[in-house]
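What follows is a short report on a single structure.
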Amino acid sequence: MSNIEEAKGRTGYQSGAVDYLTVTTKTDKASANMIHSLLSLKESEFWIHQPNKPWRFKGYAGKAYEGIRYGLRGEEAIVMLSGPTCQALWSEVAPLGSKCTRIDLAVTITLKDVDLDVARDAYGDWLKSSTGTGSMVVSSRGGQTCYIGSRQSTTMARIYDKGAEQHEEAGRVWRYEIEAKKPITNPLLARLLETDDVPGFIFSYVGHWLEGRGIKPRWFATNMERAIEIESHVTSVEKQLVWLRTQVRPTVGKLIIAGQEAEVYKALGLPLLEDERLKGWD
């Protein structure tokens, strides 16, 4: 039996969605447009009159609703969407931002037969590949969560028992989430906005991400070329950042401590500005 046939045999309903989005703006005009447009969306009638509370985040001040947070910081603005609200609004809100700093892609599957060990099996597959950081957590209710990657990574995954999380039948509904952060978020969001099959792209992207770390997804996906291209870019960026941290940074630090800061900036082609001097090297 092929992997696709096996996946079809085990999986009933499956869905792919954008489950979390953070976008920001930098100018007064862009910020006013994003917040005004958010409040003017036709869907806003379903949440704008719902309970809300003041919200603050990294200097931003605004309001928090169920699934929506927005605020201003000087000329800048931020909008955060999560859960079902994000799934409904992300494609309308995303083009309003100047920059995307986080986006979560989620695949949710409903198994035909209960399986309590999907996350544990994924963790076991990952251990065999021995790549990166991972962990396994079992809650007091028996629900499992497998984490692959770290908070510092450009991308990380969570595989968890969605049914157990919602106090429903355990082992039936499972969620696979990829959390992506800068610098991959903007190109990833651009691909999502231009595709005519968002769920299909998400199935492919998340599936390829998992397979690249030794984990066999419990669903079937086709047309993975564009997802592979994005993931290859992520891997390349992560390797470059590791090289900068481990190979370049120590040398730059020693030169700055030795009083060669101006020469370092010149060699890197960066302007030497008094309020942007490199700090924390000692």
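Quick note on naming: the chains in the structure tokens go A, B, ... in the order shown, residues restart at 1 in each chain, and ligands are numbered from 1 in order of appearance.
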
#### Entry: Shell around stretch 11-27 of chain A at 6 Å using only C-alpha atoms, local window under 6 positions removed, as a list in words
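Skipping anything fewer than 6 positions along the chain leaves Glu75, Glu76, Ala77, Ile78, Val79, Met80, Leu81, Ser82, Gly83, Cys86, Gln87, Gly97, Ser98, Lys99, Cys100, Thr101, Arg102, Ile103, Asp104, Leu105, Ala106, Val107, Thr108, Ile109, Thr110, Leu111, Lys112, Pro199 and Ile202 of chain A.
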
Pull N, CA and C atoms from the residues just selected and write them as a PDB file, in the first residue's frame.
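Contents of the output file selection38.pdb:
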ATOM      1  N   GLU A  75       3.471  56.172  15.220  1.00  0.00           N
ATOM      2  CA  GLU A  75       2.926  56.056  13.859  1.00  0.00           C
ATOM      3  C   GLU A  75       2.688  54.609  13.452  1.00  0.00           C
ATOM      4  N   GLU A  76       3.150  53.667  14.249  1.00  0.00           N
ATOM      5  CA  GLU A  76       3.064  52.259  13.890  1.00  0.00           C
ATOM      6  C   GLU A  76       1.772  51.633  14.397  1.00  0.00           C
ATOM      7  N   ALA A  77       1.359  50.566  13.718  1.00  0.00           N
ATOM      8  CA  ALA A  77       0.176  49.813  14.135  1.00  0.00           C
ATOM      9  C   ALA A  77       0.457  48.319  14.034  1.00  0.00           C
ATOM     10  N   ILE A  78      -0.287  47.551  14.808  1.00  0.00           N
ATOM     11  CA  ILE A  78      -0.166  46.091  14.780  1.00  0.00           C
ATOM     12  C   ILE A  78      -1.549  45.477  14.846  1.00  0.00           C
ATOM     13  N   VAL A  79      -1.743  44.377  14.123  1.00  0.00           N
ATOM     14  CA  VAL A  79      -2.961  43.578  14.196  1.00  0.00           C
ATOM     15  C   VAL A  79      -2.554  42.128  14.367  1.00  0.00           C
ATOM     16  N   MET A  80      -3.147  41.460  15.353  1.00  0.00           N
ATOM     17  CA  MET A  80      -2.932  40.039  15.574  1.00  0.00           C
ATOM     18  C   MET A  80      -4.272  39.313  15.456  1.00  0.00           C
ATOM     19  N   LEU A  81      -4.303  38.269  14.669  1.00  0.00           N
ATOM     20  CA  LEU A  81      -5.496  37.453  14.497  1.00  0.00           C
ATOM     21  C   LEU A  81      -5.179  36.021  14.913  1.00  0.00           C
ATOM     22  N   SER A  82      -6.158  35.345  15.514  1.00  0.00           N
ATOM     23  CA  SER A  82      -5.924  33.956  15.921  1.00  0.00           C
ATOM     24  C   SER A  82      -7.205  33.138  15.803  1.00  0.00           C
ATOM     25  N   GLY A  83      -7.021  31.814  15.685  1.00  0.00           N
ATOM     26  CA  GLY A  83      -8.136  30.882  15.677  1.00  0.00           C
ATOM     27  C   GLY A  83      -9.116  31.083  14.536  1.00  0.00           C
ATOM     28  N   CYS A  86      -9.033  34.421  12.723  1.00  0.00           N
ATOM     29  CA  CYS A  86      -7.945  34.531  11.769  1.00  0.00           C
ATOM     30  C   CYS A  86      -8.299  33.812  10.476  1.00  0.00           C
ATOM     31  N   GLN A  87      -8.865  32.632  10.590  1.00  0.00           N
ATOM     32  CA  GLN A  87      -9.218  31.870   9.399  1.00  0.00           C
ATOM     33  C   GLN A  87     -10.215  32.625   8.529  1.00  0.00           C
ATOM     34  N   GLY A  97      -1.052  45.239   5.868  1.00  0.00           N
ATOM     35  CA  GLY A  97       0.176  45.421   6.638  1.00  0.00           C
ATOM     36  C   GLY A  97       1.387  45.658   5.755  1.00  0.00           C
ATOM     37  N   SER A  98       2.381  46.322   6.325  1.00  0.00           N
ATOM     38  CA  SER A  98       3.643  46.520   5.606  1.00  0.00           C
ATOM     39  C   SER A  98       4.570  45.332   5.808  1.00  0.00           C
ATOM     40  N   LYS A  99       4.412  44.646   6.936  1.00  0.00           N
ATOM     41  CA  LYS A  99       5.307  43.546   7.271  1.00  0.00           C
ATOM     42  C   LYS A  99       4.530  42.493   8.054  1.00  0.00           C
ATOM     43  N   CYS A 100       4.839  41.235   7.790  1.00  0.00           N
ATOM     44  CA  CYS A 100       4.270  40.119   8.551  1.00  0.00           C
ATOM     45  C   CYS A 100       5.363  39.567   9.449  1.00  0.00           C
ATOM     46  N   THR A 101       5.118  39.508  10.748  1.00  0.00           N
ATOM     47  CA  THR A 101       6.142  39.036  11.683  1.00  0.00           C
ATOM     48  C   THR A 101       5.881  37.624  12.199  1.00  0.00           C
ATOM     49  N   ARG A 102       4.649  37.135  12.017  1.00  0.00           N
ATOM     50  CA  ARG A 102       4.366  35.745  12.411  1.00  0.00           C
ATOM     51  C   ARG A 102       3.159  35.250  11.647  1.00  0.00           C
ATOM     52  N   ILE A 103       3.238  33.987  11.238  1.00  0.00           N
ATOM     53  CA  ILE A 103       2.098  33.340  10.602  1.00  0.00           C
ATOM     54  C   ILE A 103       2.128  31.859  10.961  1.00  0.00           C
ATOM     55  N   ASP A 104       0.978  31.329  11.386  1.00  0.00           N
ATOM     56  CA  ASP A 104       0.860  29.914  11.740  1.00  0.00           C
ATOM     57  C   ASP A 104      -0.020  29.214  10.714  1.00  0.00           C
ATOM     58  N   LEU A 105       0.473  28.101  10.192  1.00  0.00           N
ATOM     59  CA  LEU A 105      -0.294  27.281   9.260  1.00  0.00           C
ATOM     60  C   LEU A 105      -0.699  26.001   9.975  1.00  0.00           C
ATOM     61  N   ALA A 106      -1.986  25.668   9.900  1.00  0.00           N
ATOM     62  CA  ALA A 106      -2.501  24.534  10.664  1.00  0.00           C
ATOM     63  C   ALA A 106      -3.206  23.528   9.775  1.00  0.00           C
ATOM     64  N   VAL A 107      -2.871  22.274   9.971  1.00  0.00           N
ATOM     65  CA  VAL A 107      -3.602  21.166   9.355  1.00  0.00           C
ATOM     66  C   VAL A 107      -4.308  20.412  10.471  1.00  0.00           C
ATOM     67  N   THR A 108      -5.615  20.275  10.350  1.00  0.00           N
ATOM     68  CA  THR A 108      -6.407  19.545  11.339  1.00  0.00           C
ATOM     69  C   THR A 108      -6.989  18.309  10.674  1.00  0.00           C
ATOM     70  N   ILE A 109      -6.801  17.154  11.295  1.00  0.00           N
ATOM     71  CA  ILE A 109      -7.313  15.912  10.719  1.00  0.00           C
ATOM     72  C   ILE A 109      -8.203  15.193  11.729  1.00  0.00           C
ATOM     73  N   THR A 110      -9.223  14.556  11.224  1.00  0.00           N
ATOM     74  CA  THR A 110     -10.088  13.708  12.044  1.00  0.00           C
ATOM     75  C   THR A 110      -9.865  12.273  11.607  1.00  0.00           C
ATOM     76  N   LEU A 111      -9.380  11.446  12.510  1.00  0.00           N
ATOM     77  CA  LEU A 111      -9.066  10.066  12.177  1.00  0.00           C
ATOM     78  C   LEU A 111     -10.322   9.201  12.179  1.00  0.00           C
ATOM     79  N   LYS A 112     -10.348   8.219  11.307  1.00  0.00           N
ATOM     80  CA  LYS A 112     -11.476   7.286  11.277  1.00  0.00           C
ATOM     81  C   LYS A 112     -11.472   6.406  12.530  1.00  0.00           C
ATOM     82  N   PRO A 199      -5.831  25.842   1.187  1.00  0.00           N
ATOM     83  CA  PRO A 199      -5.711  24.595   1.952  1.00  0.00           C
ATOM     84  C   PRO A 199      -4.698  23.631   1.338  1.00  0.00           C
ATOM     85  N   ILE A 202      -1.217  24.682   2.120  1.00  0.00           N
ATOM     86  CA  ILE A 202      -0.893  24.443   3.530  1.00  0.00           C
ATOM     87  C   ILE A 202      -0.640  22.961   3.780  1.00  0.00           C
TER      88      ILE A 202
END

### Query
Could you pull out all residues of stretch 9-160 of chain A with a DSSP call of strand (DSSP E or B) and give them as a count of residues only?
68

### Query
Using only C-alpha atoms, which of A:Gly163, A:Pro95, A:Gly71, A:Pro84 sits nearest A:Leu189?
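Between A:Gly163, A:Pro95, A:Gly71, A:Pro84, the residue approaching A:Leu189 most closely is A:Pro95.
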
Excluding same-chain residues fewer than 3 positions from stretch 150-152 of chain A, what lies within 10 Å of it counting only C-alpha atoms, as a short mmCIF file (atom, residue, chain, number, x, y, z; two decimals) with C-alpha atoms, in the first residue's frame?
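As written to disk, out_25.cif reads:
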data_model
loop_
_atom_site.label_atom_id
_atom_site.label_comp_id
_atom_site.auth_asym_id
_atom_site.auth_seq_id
_atom_site.Cartn_x
_atom_site.Cartn_y
_atom_site.Cartn_z
CA GLY A 132 17.30 20.21 15.81
CA THR A 133 15.33 20.57 19.03
CA GLY A 134 12.24 18.66 20.11
CA SER A 135 10.21 17.69 23.15
CA TYR A 147 7.19 20.21 19.76
CA THR A 155 9.96 27.78 11.97
CA MET A 156 8.75 25.36 14.64
CA ALA A 157 5.98 22.77 14.83
CA GLU A 179 4.72 28.65 13.41
CA ALA A 180 6.78 30.81 11.07
CA LYS A 181 8.62 34.02 11.97
#

### All residues 9 Å or closer to A:Gly171, only C-alpha atoms, same chain fewer than 5 positions away omitted, as a list of chain:residue names
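Counting only the stated atoms, we get A:Thr110, A:Leu111, A:Asp113, A:Val114, A:Asp115, A:Leu116, A:Asp117, A:Val118, A:Gly143, A:Asp161, A:Lys162, A:Gly163, A:Ala164.
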
Selection export as a PDB file, in the first residue's frame, atoms kept: C-alpha atoms:
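Wrote result_7.pdb, looks like this:
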ATOM      1  CA  THR A 110     -10.088  13.708  12.044  1.00  0.00           C
ATOM      2  CA  LEU A 111      -9.066  10.066  12.177  1.00  0.00           C
ATOM      3  CA  ASP A 113     -10.143   5.275  14.223  1.00  0.00           C
ATOM      4  CA  VAL A 114      -9.027   6.740  17.553  1.00  0.00           C
ATOM      5  CA  ASP A 115      -5.251   6.926  17.934  1.00  0.00           C
ATOM      6  CA  LEU A 116      -3.945   8.342  21.215  1.00  0.00           C
ATOM      7  CA  ASP A 117      -0.296   8.293  20.140  1.00  0.00           C
ATOM      8  CA  VAL A 118      -0.082  10.447  17.011  1.00  0.00           C
ATOM      9  CA  GLY A 143      -3.517  14.785  25.713  1.00  0.00           C
ATOM     10  CA  ASP A 161      -4.507  16.270  20.415  1.00  0.00           C
ATOM     11  CA  LYS A 162      -7.095  18.913  19.517  1.00  0.00           C
ATOM     12  CA  GLY A 163      -9.936  16.846  20.891  1.00  0.00           C
ATOM     13  CA  ALA A 164      -8.325  16.489  24.317  1.00  0.00           C
TER      14      ALA A 164
END

### Message
Please return, as a PyMOL selection string, all residues of stretch 48-276 of chain A that DSSP assigns to helix (DSSP H, G or I) on the basis of the backbone.
### Response
chain A and resi 83-96+118-129+162-165+185-194+198-211+225-257+261-268+274-276

Suppose we keep C-alpha atoms; can you now write the selection as an mmCIF file, in the first residue's frame?
data_model
loop_
_atom_site.group_PDB
_atom_site.id
_atom_site.type_symbol
_atom_site.label_atom_id
_atom_site.label_comp_id
_atom_site.auth_asym_id
_atom_site.auth_seq_id
_atom_site.Cartn_x
_atom_site.Cartn_y
_atom_site.Cartn_z
ATOM 1 C CA GLY A 83 -8.136 30.882 15.677
ATOM 2 C CA PRO A 84 -11.422 30.922 13.733
ATOM 3 C CA THR A 85 -11.307 34.738 13.508
ATOM 4 C CA CYS A 86 -7.945 34.531 11.769
ATOM 5 C CA GLN A 87 -9.218 31.870 9.399
ATOM 6 C CA ALA A 88 -12.083 34.178 8.417
ATOM 7 C CA LEU A 89 -10.194 37.484 8.163
ATOM 8 C CA TRP A 90 -6.532 36.827 7.384
ATOM 9 C CA SER A 91 -6.767 37.240 3.605
ATOM 10 C CA GLU A 92 -8.433 40.656 3.982
ATOM 11 C CA VAL A 93 -6.160 41.937 6.752
ATOM 12 C CA ALA A 94 -2.811 40.627 5.469
ATOM 13 C CA PRO A 95 -2.523 42.965 2.432
ATOM 14 C CA LEU A 96 -3.059 45.982 4.723
ATOM 15 C CA VAL A 118 -0.082 10.447 17.011
ATOM 16 C CA ALA A 119 2.129 13.023 18.740
ATOM 17 C CA ARG A 120 4.240 10.340 20.444
ATOM 18 C CA ASP A 121 4.747 8.553 17.124
ATOM 19 C CA ALA A 122 5.786 11.832 15.484
ATOM 20 C CA TYR A 123 8.260 12.462 18.287
ATOM 21 C CA GLY A 124 9.665 8.964 17.836
ATOM 22 C CA ASP A 125 10.099 9.571 14.114
ATOM 23 C CA TRP A 126 11.851 12.853 14.852
ATOM 24 C CA LEU A 127 14.208 11.203 17.372
ATOM 25 C CA LYS A 128 15.349 8.808 14.645
ATOM 26 C CA SER A 129 16.254 11.761 12.421
ATOM 27 C CA LYS A 162 -7.095 18.913 19.517
ATOM 28 C CA GLY A 163 -9.936 16.846 20.891
ATOM 29 C CA ALA A 164 -8.325 16.489 24.317
ATOM 30 C CA GLU A 165 -7.504 20.219 24.339
ATOM 31 C CA THR A 185 6.965 35.262 6.919
ATOM 32 C CA ASN A 186 6.746 37.818 4.108
ATOM 33 C CA PRO A 187 7.545 35.431 1.210
ATOM 34 C CA LEU A 188 5.359 32.742 2.785
ATOM 35 C CA LEU A 189 2.424 35.134 3.145
ATOM 36 C CA ALA A 190 2.900 36.366 -0.428
ATOM 37 C CA ARG A 191 2.594 32.792 -1.728
ATOM 38 C CA LEU A 192 -0.537 32.229 0.329
ATOM 39 C CA LEU A 193 -2.150 35.391 -0.997
ATOM 40 C CA GLU A 194 -1.418 34.515 -4.612
ATOM 41 C CA VAL A 198 -4.821 27.875 0.180
ATOM 42 C CA PRO A 199 -5.711 24.595 1.952
ATOM 43 C CA GLY A 200 -3.782 22.597 -0.662
ATOM 44 C CA PHE A 201 -0.727 24.792 -0.264
ATOM 45 C CA ILE A 202 -0.893 24.443 3.530
ATOM 46 C CA PHE A 203 -1.220 20.642 3.332
ATOM 47 C CA SER A 204 1.851 20.574 1.098
ATOM 48 C CA TYR A 205 3.955 23.057 3.059
ATOM 49 C CA VAL A 206 3.284 21.517 6.475
ATOM 50 C CA GLY A 207 3.649 17.990 5.083
ATOM 51 C CA HIS A 208 6.991 18.744 3.454
ATOM 52 C CA TRP A 209 8.243 20.506 6.596
ATOM 53 C CA LEU A 210 7.465 17.415 8.674
ATOM 54 C CA GLU A 211 8.887 14.953 6.158
ATOM 55 C CA GLU A 225 6.822 22.057 -5.611
ATOM 56 C CA ARG A 226 6.028 25.557 -4.327
ATOM 57 C CA ALA A 227 6.031 24.407 -0.716
ATOM 58 C CA ILE A 228 9.434 22.792 -1.237
ATOM 59 C CA GLU A 229 10.770 26.034 -2.720
ATOM 60 C CA ILE A 230 9.656 28.026 0.355
ATOM 61 C CA GLU A 231 11.028 25.438 2.794
ATOM 62 C CA SER A 232 14.361 25.372 0.954
ATOM 63 C CA HIS A 233 14.563 29.134 1.415
ATOM 64 C CA VAL A 234 13.853 28.747 5.137
ATOM 65 C CA THR A 235 16.583 26.153 5.539
ATOM 66 C CA SER A 236 19.062 28.347 3.693
ATOM 67 C CA VAL A 237 18.234 31.383 5.836
ATOM 68 C CA GLU A 238 18.516 29.404 9.081
ATOM 69 C CA LYS A 239 21.934 28.046 8.059
ATOM 70 C CA GLN A 240 23.147 31.549 7.201
ATOM 71 C CA LEU A 241 21.956 32.913 10.543
ATOM 72 C CA VAL A 242 23.669 30.086 12.436
ATOM 73 C CA TRP A 243 26.877 30.830 10.535
ATOM 74 C CA LEU A 244 26.621 34.525 11.444
ATOM 75 C CA ARG A 245 26.043 33.747 15.137
ATOM 76 C CA THR A 246 28.734 31.101 15.501
ATOM 77 C CA GLN A 247 31.437 32.207 13.064
ATOM 78 C CA VAL A 248 31.103 35.938 12.365
ATOM 79 C CA ARG A 249 29.790 37.384 15.627
ATOM 80 C CA PRO A 250 32.743 36.319 17.838
ATOM 81 C CA THR A 251 35.235 37.877 15.429
ATOM 82 C CA VAL A 252 33.246 41.113 15.146
ATOM 83 C CA GLY A 253 32.966 41.262 18.929
ATOM 84 C CA LYS A 254 36.714 40.974 19.414
ATOM 85 C CA LEU A 255 37.360 43.730 16.862
ATOM 86 C CA ILE A 256 34.894 46.081 18.537
ATOM 87 C CA ILE A 257 36.338 45.437 21.987
ATOM 88 C CA GLU A 261 34.230 49.500 15.596
ATOM 89 C CA ALA A 262 34.425 52.069 12.788
ATOM 90 C CA GLU A 263 36.480 49.677 10.670
ATOM 91 C CA VAL A 264 33.976 46.881 11.308
ATOM 92 C CA TYR A 265 31.093 49.039 10.109
ATOM 93 C CA LYS A 266 33.087 50.111 7.070
ATOM 94 C CA ALA A 267 33.983 46.525 6.181
ATOM 95 C CA LEU A 268 30.324 45.506 6.442
ATOM 96 C CA GLU A 274 25.843 56.903 17.330
ATOM 97 C CA ASP A 275 22.403 55.581 18.293
ATOM 98 C CA GLU A 276 22.887 52.267 16.476
#

### Task
Go ahead and compute the interatomic distance for atom CA of A:Thr145 and atom CA of A:Ile159, in Å to one decimal.
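About the pair atom CA of A:Thr145 and atom CA of A:Ile159: they are 5.5 Å apart.
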
### Query
For A:Ala32, which residue among A:Arg73, A:Arg158, A:Lys216, A:Lys182 is the nearest when counting only C-alpha atoms?
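When distances to A:Ala32 are compared using only C-alpha atoms, the smallest one comes from A:Arg73.
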
### Atomic distance atom CA of A:Trp174 - atom CA of A:Tyr160, expressed in Å with one decimal
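Spanning atom CA of A:Trp174 to atom CA of A:Tyr160 is a straight-line distance of 5.8 Å.
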
### Message
One number please: atom CA of A:Trp55 to atom CA of A:Met34, in Å, one decimal.
### Response
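Atom CA of A:Met34 lies at a distance of 17.4 Å from atom CA of A:Trp55.
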